[in-house]
Structure formats: C-alpha cells, structure tokens
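Report on the structure given below.
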Amino acid sequence: MPELPEAERARVTLESVLGQPIAAVDDRDSYVCRPHTPGEIASALVGHTFVGAHRRGKFLWLVTDDGPTLGLHLGMAGSIALEPPAEKPIWDRFTVEFEDGSRFALRDRRRLGRAVLNPDFDHVGADAADVGRDDFRRLIGAGRTAVKARLLDQGAISGVGNLLADQVLWQARIAPQRPTADLSFEDLDRLRRQLRAAVRAAIRHGGVHTGSFV
C-alpha cells in the first residue's frame, strides 16, 4: 500500500501539470469516481487550470484557479503516471488531459484509488512528516490502544502504513503491541524522531514500497 512517501512522490509528479488549461477528463470509472456520475468531474474541471498540488498523509488534492478542488487517493496499489501506457490503458482509472498535450492518470490495477471533487479532509489526522512534538504526544499517547494500531490510525497521524510503522517502532525500541498509555514522553519523542527521519529518507529514495528504501 502506498504510504506518505509515495503520496509525496505523486504530489511532486503532479506539480509538472500545474498551469496548463484542462482540455479533457476521463471519469467513466464510476467506482473510482464515486459518488460522482460519469461526466460530472469532467464538467467541473474542463476549462480550469490546476494551480497547486497538496498532500496530507496519503491524501492528495489539486486546487484550480477559480473552480473546484480535485481530491486523489492512491488506494492499495495506485500511482500517478504522466506517460501513456505502451498498450491499451486498462489500468488508467482516471485521466486528465491538458491543452498542451500533457496528461496524468491515476493508474491502479486493484481499482481502489479515488478521484473526487471538493474532498473533505476533516477526518484526516496530522501529517506524519511534520507533526509537532506536543501534538504527537497528545495524538499517539492517549488511551490504551496498541501503539502500532495508533500509528496506523489515519485519523490520528496520517500517512503511516505497515512497513513504516514496523520500521520506526523497531528503531525506537518500542514493541508494536505496547499500550500507548504506557509510553513516556521520552518514548514518544524518540518515536517521533525516528518517524520523521524515516519519512524523509523514504522520500529521498523514492518511497517505502516503490523506491530503494527497503
């Protein structure tokens, strides 16, 4: 599953299409584009221009000049692809084409990614890449949930998946099943340092799952 570093890689990729007027949108996959009907996203976006590419945790969104926001999620196995596939694009679930001939697609073999207009991120927790010390202590240290389960809770800290959680807990010398209420501030601060370092390293190396990091 793509984690925060893969989502950041996708965000950087999307920056290459900023500033280009949108010419066409293929939103016919009603499952990936739910709850929208086919053509609804296209009608909202064509003629507009993306002016910003943003991310929180695993969630991405593109801001237009004076219109709607496009939200994207990579699902379990998705990626953002700029080049058309060599063969029939059966895995390109959602595609945006621009007036200069460039394009991007949400390429997803498992069909678990999402494309949605004006996404609501109220349920998304603090970004794991830059959560502050006090917020981390509060969000991770509360309750008696196993610490790994809390790290995977996207409503608490957003962007951490299984591989990243296992690595940082091992580096911080904290057992995954240890209750969060048993963690001292020293434990939590050490865990946060390891998490931030692991995220930065994974971004540099292309991702947790897609790069040379693991």
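A note on labels: chains of the structure tokens are A, B, ... as shown, every chain counts residues from 1, and ligands are counted from 1 in their shown order.
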### Query
If you run DSSP on this backbone, which residues of region 24-58 of chain A come out as alpha helix (DSSP H), and could you give them as number ranges by chain?
A: 40-45
### Message
Using only C-alpha atoms, which protein or nucleic acid residues come within 7 Å of region 54-65 of chain A? Drop anything in the same chain fewer than 4 positions from it, and give the result as a PyMOL selection string.
### Response
chain A and resi 3-4+7-8+11+48-50+69-73+127-128+158-159
### Task
Could you check which of A:Asp92, A:Asp166, A:Asp134, A:Asp153 is closest to Ala198 (chain A), using only C-alpha atoms?
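Closest residue, counting only C-alpha atoms: A:Asp166.
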### Query
Contacts of Gly161 (chain A) at 12 Å or less, counting only C-alpha atoms, minus same-chain residues fewer than 5 places along, as a PyMOL selection string?
chain A and resi 1-7+57-58+75-76+128+148-154+166-168+195+199+207-209
### Shell around Val116 (chain A) at 12 Å using only C-alpha atoms, local window under 3 positions removed, as a PyMOL selection string
chain A and resi 27+29-38+40-42+44-45+59-62+68-73+94+113+119-121
Close residues, Asp189 (chain A) itself excluded, 9 Å, only C-alpha atoms, min 6 positions apart in chain, as a short mmCIF file (atom, residue, chain, number, x, y, z; two decimals) with C-alpha atoms, in the first residue's frame:
```
data_model
loop_
_atom_site.label_atom_id
_atom_site.label_comp_id
_atom_site.auth_asym_id
_atom_site.auth_seq_id
_atom_site.Cartn_x
_atom_site.Cartn_y
_atom_site.Cartn_z
CA ARG A 133 6.11 17.30 19.44
CA PHE A 136 2.38 13.86 18.61
CA ARG A 137 2.40 13.26 22.36
#
```
### Query
Between CA of Leu188 (chain A) and CA of Arg138 (chain A), what is the distance, to one decimal in Å?
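Separation between CA of Leu188 (chain A) and CA of Arg138 (chain A): 9.6 Å.
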#### Entry: Which of A:Arg200, A:Arg28, A:Arg103, A:Arg109 sits closest to Gly78 (chain A) [using only C-alpha atoms]
A:Arg109
### Task
Find the spatial neighbours of Leu183 (chain A), counting only C-alpha atoms, within a cut-off of 12 Å - ignore same-chain residues fewer than 4 positions away - and output them as a list in words.
Arg137, Arg138, Ile140, Gly141, Ala142, Gly143, Arg144, Thr145, Ala146, Val147, Ala172, Arg173, Ile174, Ala175, Pro176, Gln177, Arg178, Pro179, Asp187, Leu188, Asp189, Arg190 and Leu191 of chain A
Give me a file of those residues, with C-alpha atoms, as an mmCIF file, in the first residue's frame.
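Output contents, as saved in part_3.cif:
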```
data_model
loop_
_atom_site.group_PDB
_atom_site.id
_atom_site.type_symbol
_atom_site.label_atom_id
_atom_site.label_comp_id
_atom_site.auth_asym_id
_atom_site.auth_seq_id
_atom_site.Cartn_x
_atom_site.Cartn_y
_atom_site.Cartn_z
ATOM 1 C CA ARG A 137 2.401 13.259 22.356
ATOM 2 C CA ARG A 138 -1.317 14.030 22.546
ATOM 3 C CA ILE A 140 -0.299 8.972 19.988
ATOM 4 C CA GLY A 141 -0.029 8.867 23.771
ATOM 5 C CA ALA A 142 -3.731 8.908 24.651
ATOM 6 C CA GLY A 143 -5.713 5.778 25.550
ATOM 7 C CA ARG A 144 -4.558 2.182 25.797
ATOM 8 C CA THR A 145 -4.524 1.231 22.123
ATOM 9 C CA ALA A 146 -1.521 -0.749 20.904
ATOM 10 C CA VAL A 147 0.990 1.787 19.641
ATOM 11 C CA ALA A 172 12.651 3.395 18.565
ATOM 12 C CA ARG A 173 12.868 0.109 20.511
ATOM 13 C CA ILE A 174 9.138 0.055 21.247
ATOM 14 C CA ALA A 175 7.079 -3.146 20.996
ATOM 15 C CA PRO A 176 4.198 -2.770 18.483
ATOM 16 C CA GLN A 177 1.624 -4.146 20.941
ATOM 17 C CA ARG A 178 2.641 -1.863 23.810
ATOM 18 C CA PRO A 179 -0.302 0.250 25.066
ATOM 19 C CA ASP A 187 9.411 7.148 24.368
ATOM 20 C CA LEU A 188 7.045 9.300 22.340
ATOM 21 C CA ASP A 189 9.705 11.861 21.466
ATOM 22 C CA ARG A 190 12.092 9.109 20.366
ATOM 23 C CA LEU A 191 9.356 7.548 18.236
#
```
### Task
Calculate how many Å separate CA of Trp91 (chain A) from CA of Leu18 (chain A), rounding to one decimal.
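A separation of 23.5 Å between them.
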### Query
Could you work out how far CA of Leu112 (chain A) lies from CA of Arg196 (chain A), giving the answer in Å with one decimal?
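It comes out at 27.4 Å.
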### Message
When DSSP is applied to the backbone of this structure, which of region 20-208 of chain A are assigned strand (DSSP E)? Write them out as a PyMOL selection string.
### Response
chain A and resi 22-26+50-56+59-64+69-73+79-81+92-98+103-107+114-117+126-127+157-158
### Given only C-alpha atoms as the counted atoms, nearest of A:Ala126, A:Gln171, A:Asp135, A:Glu97 to Phe185 (chain A)
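Once distances to Phe185 (chain A) are computed over only C-alpha atoms, the minimum belongs to A:Asp135.
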